[in-house]
Every structure is written in C-alpha cells, then in structure tokens.
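Peer 1: Pasting entry.txt below, which is compact mmCIF, N, CA and C atoms.
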# COMPACT_ATOMS: atom_id res chain seq x y z
N MET K 1 50.02 8.33 35.97
CA MET K 1 51.28 7.67 35.65
C MET K 1 51.26 7.24 34.19
N CYS K 2 52.41 7.31 33.55
CA CYS K 2 52.44 6.94 32.14
C CYS K 2 52.42 5.42 31.96
N GLN K 3 52.92 4.69 32.94
CA GLN K 3 52.89 3.23 32.95
C GLN K 3 53.63 2.59 31.78
N SER K 4 54.63 3.29 31.21
CA SER K 4 55.47 2.65 30.22
C SER K 4 56.26 1.56 30.91
N THR K 5 56.47 0.47 30.24
CA THR K 5 57.21 -0.63 30.87
C THR K 5 58.25 -1.19 29.92
N ASN K 6 59.27 -1.76 30.52
CA ASN K 6 60.17 -2.64 29.79
C ASN K 6 60.33 -3.87 30.67
N GLU K 7 61.21 -4.78 30.33
CA GLU K 7 61.27 -6.03 31.08
C GLU K 7 61.73 -5.85 32.53
N ASN K 8 62.38 -4.75 32.87
CA ASN K 8 62.91 -4.57 34.22
C ASN K 8 62.28 -3.43 35.01
N HIS K 9 61.38 -2.66 34.40
CA HIS K 9 60.96 -1.44 35.06
C HIS K 9 59.57 -1.01 34.60
N VAL K 10 58.75 -0.56 35.56
CA VAL K 10 57.47 0.08 35.25
C VAL K 10 57.63 1.56 35.56
N CYS K 11 57.41 2.40 34.58
CA CYS K 11 57.61 3.84 34.73
C CYS K 11 56.61 4.43 35.72
N GLN K 12 57.09 5.30 36.59
CA GLN K 12 56.24 5.96 37.56
C GLN K 12 56.12 7.47 37.30
N CYS K 13 56.65 7.94 36.14
CA CYS K 13 56.54 9.37 35.86
C CYS K 13 55.08 9.73 35.59
N PRO K 14 54.72 10.99 35.80
CA PRO K 14 53.33 11.38 35.57
C PRO K 14 52.93 11.35 34.10
N GLY K 15 53.90 11.38 33.20
CA GLY K 15 53.59 11.33 31.78
C GLY K 15 52.82 12.54 31.31
N GLY K 16 52.47 12.55 30.05
CA GLY K 16 51.71 13.66 29.49
C GLY K 16 50.32 13.17 29.14
N LYS K 17 49.42 14.10 28.99
CA LYS K 17 48.07 13.74 28.58
C LYS K 17 48.08 13.51 27.08
N THR K 18 48.02 12.24 26.69
CA THR K 18 48.06 11.95 25.26
C THR K 18 46.80 12.45 24.57
N GLU K 19 45.72 12.67 25.32
CA GLU K 19 44.49 13.17 24.70
C GLU K 19 44.68 14.57 24.13
N ARG K 20 45.67 15.31 24.64
CA ARG K 20 45.88 16.65 24.10
C ARG K 20 46.31 16.58 22.64
N TYR K 21 46.79 15.43 22.19
CA TYR K 21 47.19 15.27 20.80
C TYR K 21 46.08 14.69 19.94
N LEU K 22 44.90 14.59 20.50
CA LEU K 22 43.77 14.10 19.73
C LEU K 22 43.39 15.09 18.63
N GLN K 23 43.41 16.39 18.96
CA GLN K 23 43.06 17.40 17.96
C GLN K 23 43.99 17.34 16.74
N PRO K 24 45.31 17.41 16.92
CA PRO K 24 46.15 17.35 15.72
C PRO K 24 46.08 15.99 15.02
N SER K 25 45.83 14.93 15.77
CA SER K 25 45.70 13.62 15.15
C SER K 25 44.48 13.57 14.24
N LEU K 26 43.37 14.11 14.70
CA LEU K 26 42.17 14.15 13.86
C LEU K 26 42.39 15.03 12.63
N LEU K 27 43.04 16.17 12.85
CA LEU K 27 43.31 17.06 11.71
C LEU K 27 44.22 16.40 10.68
N LEU K 28 45.25 15.71 11.14
CA LEU K 28 46.15 15.04 10.20
C LEU K 28 45.43 13.91 9.47
N ALA K 29 44.64 13.14 10.20
CA ALA K 29 43.90 12.05 9.55
C ALA K 29 42.97 12.60 8.47
N LEU K 30 42.32 13.72 8.75
CA LEU K 30 41.43 14.31 7.74
C LEU K 30 42.21 15.01 6.63
N HIS K 31 43.40 15.50 6.94
CA HIS K 31 44.27 16.07 5.91
C HIS K 31 44.67 14.98 4.92
N LEU K 32 44.93 13.79 5.45
CA LEU K 32 45.35 12.67 4.60
C LEU K 32 44.19 12.11 3.80
N GLN K 33 43.00 12.09 4.42
CA GLN K 33 41.83 11.52 3.72
C GLN K 33 40.56 11.91 4.45
N HIS K 34 39.59 12.45 3.73
CA HIS K 34 38.28 12.75 4.31
C HIS K 34 37.68 11.43 4.80
N SER K 35 36.87 11.49 5.84
CA SER K 35 36.46 10.23 6.44
C SER K 35 35.20 10.35 7.27
N TYR K 36 34.65 9.21 7.61
CA TYR K 36 33.58 9.11 8.58
C TYR K 36 34.19 9.09 9.98
N GLY K 37 33.44 9.56 10.96
CA GLY K 37 33.95 9.67 12.31
C GLY K 37 34.48 8.37 12.88
N TYR K 38 33.71 7.30 12.76
CA TYR K 38 34.14 6.04 13.35
C TYR K 38 35.41 5.51 12.69
N ASP K 39 35.56 5.74 11.39
CA ASP K 39 36.76 5.29 10.68
C ASP K 39 38.01 6.00 11.19
N LEU K 40 37.84 7.22 11.69
CA LEU K 40 38.98 7.98 12.20
C LEU K 40 39.59 7.33 13.43
N LEU K 41 38.77 6.63 14.19
CA LEU K 41 39.23 6.00 15.43
C LEU K 41 40.42 5.08 15.18
N GLY K 42 40.32 4.23 14.19
CA GLY K 42 41.42 3.33 13.87
C GLY K 42 42.62 4.05 13.26
N ARG K 43 42.34 5.05 12.46
CA ARG K 43 43.43 5.75 11.76
C ARG K 43 44.29 6.56 12.71
N ILE K 44 43.69 7.20 13.71
CA ILE K 44 44.51 8.05 14.58
C ILE K 44 45.35 7.22 15.56
N LYS K 45 44.98 5.97 15.79
CA LYS K 45 45.81 5.11 16.64
C LYS K 45 47.20 4.93 16.02
N ASP K 46 47.28 4.95 14.71
CA ASP K 46 48.56 4.77 14.01
C ASP K 46 49.56 5.87 14.32
N PHE K 47 49.10 7.01 14.80
CA PHE K 47 50.01 8.12 15.10
C PHE K 47 50.74 7.93 16.42
N GLY K 48 50.27 7.00 17.26
CA GLY K 48 50.99 6.62 18.46
C GLY K 48 50.75 7.44 19.71
N PHE K 49 49.78 8.32 19.71
CA PHE K 49 49.54 9.16 20.89
C PHE K 49 48.54 8.57 21.87
N LEU K 50 47.83 7.56 21.46
CA LEU K 50 46.78 7.01 22.31
C LEU K 50 47.27 5.77 23.03
N ASP K 51 47.03 5.73 24.32
CA ASP K 51 47.34 4.56 25.13
C ASP K 51 46.05 3.77 25.33
N GLY K 52 45.96 2.64 24.69
CA GLY K 52 44.75 1.82 24.85
C GLY K 52 43.63 2.29 23.95
N ASP K 53 42.43 1.84 24.29
CA ASP K 53 41.25 2.15 23.49
C ASP K 53 40.71 3.52 23.82
N LEU K 54 40.13 4.13 22.83
CA LEU K 54 39.53 5.45 23.00
C LEU K 54 38.03 5.32 22.77
N ASP K 55 37.26 5.93 23.64
CA ASP K 55 35.81 5.92 23.53
C ASP K 55 35.40 6.68 22.27
N PRO K 56 34.59 6.08 21.40
CA PRO K 56 34.15 6.80 20.19
C PRO K 56 33.47 8.12 20.51
N GLY K 57 32.81 8.22 21.65
CA GLY K 57 32.17 9.47 22.03
C GLY K 57 33.17 10.61 22.15
N THR K 58 34.38 10.28 22.59
CA THR K 58 35.44 11.29 22.71
C THR K 58 35.80 11.83 21.33
N ILE K 59 35.89 10.95 20.35
CA ILE K 59 36.18 11.37 18.97
C ILE K 59 35.11 12.32 18.48
N TYR K 60 33.86 11.93 18.67
CA TYR K 60 32.76 12.76 18.17
C TYR K 60 32.68 14.10 18.89
N ARG K 61 32.97 14.13 20.17
CA ARG K 61 32.98 15.42 20.90
C ARG K 61 34.06 16.34 20.32
N HIS K 62 35.25 15.77 20.06
CA HIS K 62 36.33 16.58 19.48
C HIS K 62 35.97 17.03 18.06
N LEU K 63 35.38 16.15 17.28
CA LEU K 63 34.97 16.53 15.93
C LEU K 63 33.92 17.64 15.97
N ARG K 64 32.99 17.54 16.89
CA ARG K 64 31.95 18.58 17.02
C ARG K 64 32.59 19.92 17.38
N ARG K 65 33.54 19.89 18.32
CA ARG K 65 34.23 21.12 18.72
C ARG K 65 35.02 21.69 17.54
N LEU K 66 35.72 20.82 16.80
CA LEU K 66 36.47 21.28 15.63
C LEU K 66 35.53 21.88 14.59
N GLU K 67 34.36 21.28 14.45
CA GLU K 67 33.40 21.82 13.48
C GLU K 67 32.82 23.15 13.96
N ASP K 68 32.54 23.25 15.25
CA ASP K 68 32.04 24.52 15.80
C ASP K 68 33.05 25.65 15.59
N ASP K 69 34.34 25.30 15.66
CA ASP K 69 35.40 26.29 15.48
C ASP K 69 35.81 26.45 14.01
N ARG K 70 35.12 25.75 13.13
CA ARG K 70 35.30 25.83 11.67
C ARG K 70 36.65 25.29 11.17
N PHE K 71 37.20 24.33 11.90
CA PHE K 71 38.43 23.67 11.47
C PHE K 71 38.10 22.40 10.67
N VAL K 72 36.88 21.94 10.81
CA VAL K 72 36.39 20.72 10.16
C VAL K 72 34.97 21.01 9.70
N SER K 73 34.60 20.43 8.58
CA SER K 73 33.20 20.51 8.14
C SER K 73 32.68 19.09 7.95
N SER K 74 31.37 18.96 7.98
CA SER K 74 30.79 17.63 7.79
C SER K 74 29.47 17.76 7.07
N GLU K 75 29.06 16.66 6.50
CA GLU K 75 27.73 16.57 5.91
C GLU K 75 27.24 15.14 6.07
N TRP K 76 25.94 15.01 6.08
CA TRP K 76 25.34 13.70 6.24
C TRP K 76 25.43 12.92 4.94
N ASP K 77 25.83 11.67 5.05
CA ASP K 77 25.84 10.76 3.90
C ASP K 77 24.67 9.80 4.09
N THR K 78 23.68 9.96 3.23
CA THR K 78 22.48 9.12 3.35
C THR K 78 22.44 8.04 2.28
N THR K 79 23.52 7.90 1.53
CA THR K 79 23.55 6.85 0.51
C THR K 79 23.77 5.50 1.19
N GLY K 80 23.45 4.46 0.50
CA GLY K 80 23.63 3.12 1.05
C GLY K 80 22.40 2.66 1.80
N THR K 81 22.49 1.46 2.32
CA THR K 81 21.34 0.86 2.97
C THR K 81 21.32 1.08 4.47
N GLY K 82 22.44 1.41 5.06
CA GLY K 82 22.51 1.59 6.50
C GLY K 82 22.05 2.97 6.93
N PRO K 83 22.23 3.25 8.22
CA PRO K 83 21.85 4.57 8.72
C PRO K 83 22.75 5.67 8.14
N ALA K 84 22.25 6.88 8.16
CA ALA K 84 23.03 8.03 7.68
C ALA K 84 24.26 8.20 8.56
N ARG K 85 25.37 8.62 7.93
CA ARG K 85 26.62 8.84 8.66
C ARG K 85 27.16 10.21 8.27
N ARG K 86 27.92 10.81 9.22
CA ARG K 86 28.55 12.11 8.95
C ARG K 86 29.90 11.87 8.29
N PHE K 87 30.13 12.61 7.22
CA PHE K 87 31.38 12.55 6.48
C PHE K 87 32.15 13.84 6.78
N TYR K 88 33.38 13.71 7.30
CA TYR K 88 34.15 14.86 7.77
C TYR K 88 35.28 15.18 6.81
N GLU K 89 35.58 16.48 6.72
CA GLU K 89 36.75 16.93 5.98
C GLU K 89 37.35 18.15 6.66
N ILE K 90 38.65 18.33 6.46
CA ILE K 90 39.35 19.46 7.06
C ILE K 90 39.08 20.70 6.22
N THR K 91 38.98 21.85 6.86
CA THR K 91 38.76 23.12 6.17
C THR K 91 40.10 23.84 6.00
N PRO K 92 40.14 24.91 5.21
CA PRO K 92 41.38 25.70 5.12
C PRO K 92 41.87 26.20 6.49
N ASP K 93 40.95 26.62 7.36
CA ASP K 93 41.35 27.02 8.71
C ASP K 93 41.93 25.84 9.48
N GLY K 94 41.37 24.66 9.27
CA GLY K 94 41.90 23.45 9.90
C GLY K 94 43.30 23.13 9.41
N GLU K 95 43.55 23.36 8.12
CA GLU K 95 44.90 23.15 7.57
C GLU K 95 45.90 24.10 8.25
N MET K 96 45.48 25.35 8.48
CA MET K 96 46.35 26.32 9.16
C MET K 96 46.61 25.87 10.60
N LEU K 97 45.58 25.40 11.29
CA LEU K 97 45.75 24.93 12.66
C LEU K 97 46.67 23.71 12.69
N LEU K 98 46.55 22.83 11.73
CA LEU K 98 47.44 21.66 11.65
C LEU K 98 48.89 22.11 11.49
N LYS K 99 49.12 23.11 10.65
CA LYS K 99 50.48 23.64 10.48
C LYS K 99 51.01 24.21 11.79
N ASP K 100 50.16 24.89 12.55
CA ASP K 100 50.56 25.41 13.86
C ASP K 100 50.94 24.26 14.80
N TRP K 101 50.13 23.20 14.79
CA TRP K 101 50.45 22.04 15.62
C TRP K 101 51.79 21.43 15.23
N VAL K 102 52.04 21.34 13.93
CA VAL K 102 53.31 20.77 13.46
C VAL K 102 54.48 21.61 13.94
N MET K 103 54.36 22.93 13.88
CA MET K 103 55.44 23.80 14.39
C MET K 103 55.64 23.58 15.89
N PHE K 104 54.56 23.49 16.64
CA PHE K 104 54.64 23.23 18.07
C PHE K 104 55.33 21.90 18.35
N MET K 105 54.94 20.87 17.61
CA MET K 105 55.53 19.54 17.81
C MET K 105 57.01 19.51 17.42
N GLU K 106 57.36 20.20 16.35
CA GLU K 106 58.77 20.26 15.94
C GLU K 106 59.62 20.94 17.01
N ARG K 107 59.09 22.00 17.57
CA ARG K 107 59.80 22.71 18.64
C ARG K 107 59.98 21.79 19.85
N ASN K 108 58.93 21.08 20.23
CA ASN K 108 59.02 20.15 21.35
C ASN K 108 59.95 18.98 21.04
N TYR K 109 59.92 18.52 19.81
CA TYR K 109 60.81 17.43 19.38
C TYR K 109 62.27 17.86 19.56
N ASN K 110 62.58 19.07 19.13
CA ASN K 110 63.96 19.58 19.28
C ASN K 110 64.33 19.75 20.74
N ASN K 111 63.41 20.28 21.54
CA ASN K 111 63.67 20.46 22.96
C ASN K 111 63.87 19.11 23.66
N LEU K 112 63.05 18.14 23.32
CA LEU K 112 63.21 16.81 23.91
C LEU K 112 64.54 16.18 23.50
N GLY K 113 64.93 16.39 22.25
CA GLY K 113 66.23 15.89 21.79
C GLY K 113 67.37 16.50 22.58
N ASN K 114 67.32 17.80 22.80
CA ASN K 114 68.35 18.46 23.61
C ASN K 114 68.37 17.91 25.02
N PHE K 115 67.21 17.74 25.62
CA PHE K 115 67.10 17.20 26.97
C PHE K 115 67.73 15.81 27.05
N LEU K 116 67.36 14.94 26.12
CA LEU K 116 67.87 13.58 26.12
C LEU K 116 69.38 13.53 25.88
N ARG K 117 69.90 14.37 24.99
CA ARG K 117 71.34 14.41 24.74
C ARG K 117 72.10 14.82 26.01
N GLN K 118 71.59 15.83 26.69
CA GLN K 118 72.26 16.28 27.92
C GLN K 118 72.20 15.19 28.99
N TYR K 119 71.08 14.53 29.12
CA TYR K 119 70.96 13.46 30.11
C TYR K 119 71.94 12.33 29.79
N ARG K 120 71.95 11.90 28.54
CA ARG K 120 72.82 10.78 28.15
C ARG K 120 74.29 11.15 28.30
N GLN K 121 74.63 12.40 28.00
CA GLN K 121 76.01 12.85 28.13
C GLN K 121 76.45 12.79 29.60
N THR K 122 75.63 13.32 30.51
CA THR K 122 76.01 13.30 31.93
C THR K 122 76.01 11.87 32.46
N LEU K 123 75.12 11.03 31.98
CA LEU K 123 75.10 9.63 32.40
C LEU K 123 76.38 8.93 31.96
N SER K 124 76.79 9.19 30.73
CA SER K 124 78.02 8.60 30.21
C SER K 124 79.24 9.08 31.00
N GLU K 125 79.28 10.39 31.31
CA GLU K 125 80.40 10.93 32.08
C GLU K 125 80.45 10.34 33.49
N LYS K 126 79.30 10.13 34.11
CA LYS K 126 79.26 9.53 35.44
C LYS K 126 79.76 8.10 35.40
N ARG K 127 79.40 7.37 34.37
CA ARG K 127 79.85 5.98 34.24
C ARG K 127 81.37 5.92 34.08
N LYS K 128 81.90 6.84 33.28
CA LYS K 128 83.36 6.88 33.10
C LYS K 128 84.05 7.20 34.41
N HIS K 129 83.48 8.15 35.16
CA HIS K 129 84.05 8.55 36.45
C HIS K 129 84.01 7.38 37.43
N ILE K 130 82.92 6.64 37.47
CA ILE K 130 82.80 5.50 38.38
C ILE K 130 83.77 4.41 38.00
N SER K 131 83.91 4.13 36.70
CA SER K 131 84.82 3.06 36.28
C SER K 131 86.29 3.43 36.56
N ARG K 132 86.63 4.72 36.51
CA ARG K 132 87.99 5.14 36.86
C ARG K 132 88.26 4.91 38.34
N LYS K 133 87.26 5.17 39.18
CA LYS K 133 87.41 4.94 40.61
C LYS K 133 87.63 3.47 40.92
N GLU K 134 86.95 2.59 40.18
CA GLU K 134 87.08 1.16 40.39
C GLU K 134 88.48 0.68 40.03
N VAL K 135 89.10 1.32 39.04
CA VAL K 135 90.45 0.92 38.61
C VAL K 135 91.47 1.32 39.66
N ILE K 136 91.27 2.44 40.33
CA ILE K 136 92.23 2.93 41.32
C ILE K 136 92.13 2.15 42.56
What do you get writing this file as structure tokens?

Peer 2:
Amino acid sequence: MCQSTNENHVCQCPGGKTERYLQPSLLLALHLQHSYGYDLLGRIKDFGFLDGDLDPGTIYRHLRRLEDDRFVSSEWDTTGTGPARRFYEITPDGEMLLKDWVMFMERNYNNLGNFLRQYRQTLSEKRKHISRKEVI
C-alpha cells in the first residue's frame, strides 16, 4: 500500500515501488556532483521518490551494480585522518542511461497528466449532473 494520507483519508492503492527510481536518482545526484556513497543518501531524498529512511546498504548495492555495468566509476579516497572512502562519479554511459530515464519519466509524466485530466473532467461532469438533479 502506498499509505499516502491527508486529513480525511488513508490511501489503500498498491502504489508503485519507489525503489525502482533509486537508479535514476543516484545517476542524477552524481550528474550534479561527484560524491561519496553515504553523502548520496541525503541528496537523493530531495528527489522525492523515497518513502521514509533507506538502508545505506541498499545504496551501496545499487552503486556496486551501477559500477559493474560501467554507469558509475569509483576510486578509494585515502586522504584525511578517517577510514578510506569510495568516491563515485557518473561515466559517459551513465549519462546516456540518465537521459534514457529522463525520457521514460517524461513519457510517464505526460501519461499521468492525461489520466488525471480525464478523471477530473468526468468527476466535474458527474458533479454537474448531480447538482442538476437536485435542482429538479
């Protein structure tokens, strides 16, 4: 369940898996700025696809998969006094994949807009029809 709520209603729709947007969120975050893995956790929350907290292990698994597929590269940063950390950056192939995700999202955005317009139009027409009946 998506569990979206407002003051009068708790949503019972199955919702979508927001984790499926973790890949494009990581790619966009790295497109905007190269980063350490843990720092990405806070940055991708700003994109709005995550409900609640995300396990850092999930981020690292996705980063590892992206690196295995050559969409992201990393290197160890051993500077500083703390433990070594991996520094991630998007690759040219990752930039291409991000563009594909953007096209997919734009298409879905347009489809969702059409869906919502049709729903609101029929809802408005039904309300007009009901109010006419009340007048008669």

Peer 1: Write out as an MDAnalysis selection string the set of residues from region 34-89 of chain K that DSSP, computed on the backbone, places in alpha helix (DSSP H).

Peer 2: chainID K and resid 37:45 56:68

Peer 1: For region 77-92 of chain K, please output as an MDAnalysis selection string all residues within 6 Å (counting only C-alpha atoms; exclusion window: fewer than 5 positions along the same chain).

Peer 2: chainID K and resid 30 34:36 71:72

Peer 1: One number please: atom N of Leu98 (chain K) to CA of Leu27 (chain K), in Å, one decimal.

Peer 2: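 Distance reported for this atom pair: 6.6 Å.
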
Peer 1: What does the distance from atom C of Lys99 (chain K) to atom C of Leu26 (chain K) come to in Å, to one decimal?

Peer 2: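 Distance between the two atoms: 12.6 Å.
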
Peer 1: Could you tell me which of K:Trp101, K:Tyr119, K:Gly37, K:Gly113 comes closest to Leu63 (chain K) if we count only N, CA and C atoms?

Peer 2: K:Gly37

Peer 1: To one decimal place in Å, what is the distance between atom N of Gly48 (chain K) and CA of Ser25 (chain K)?

Peer 2: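 That distance, rounded to one decimal, is 8.3 Å.
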
Peer 1: Smallest atom-to-atom distance to Val102 (chain K): which of K:Asn114, K:Asp53, K:Pro24, K:Arg43, using only N, CA and C atoms?

Peer 2: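 Of K:Asn114, K:Asp53, K:Pro24, K:Arg43, the one nearest Val102 (chain K), counting only N, CA and C atoms, is K:Pro24.
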
Peer 1: Could you pull out the residues in region 34-129 of chain K that DSSP calls strand (DSSP E) from the backbone, as a list in words?

Peer 2: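 In region 34-129 of chain K, DSSP puts these residues in strand (DSSP E): Ser35, Tyr36, Val72, Ser73, Ser74, Glu75, Trp76, Asp77, Arg85, Arg86, Phe87, Tyr88, Glu89 and Ile90 of chain K.
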
Peer 1: I need the residue nearest Glu95 (chain K) from this list: K:Tyr109, K:Val10, K:Leu28, K:Gln23. Use only C-alpha atoms for the distance.

Peer 2: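 Among the listed residues, K:Leu28 lies closest to Glu95 (chain K).
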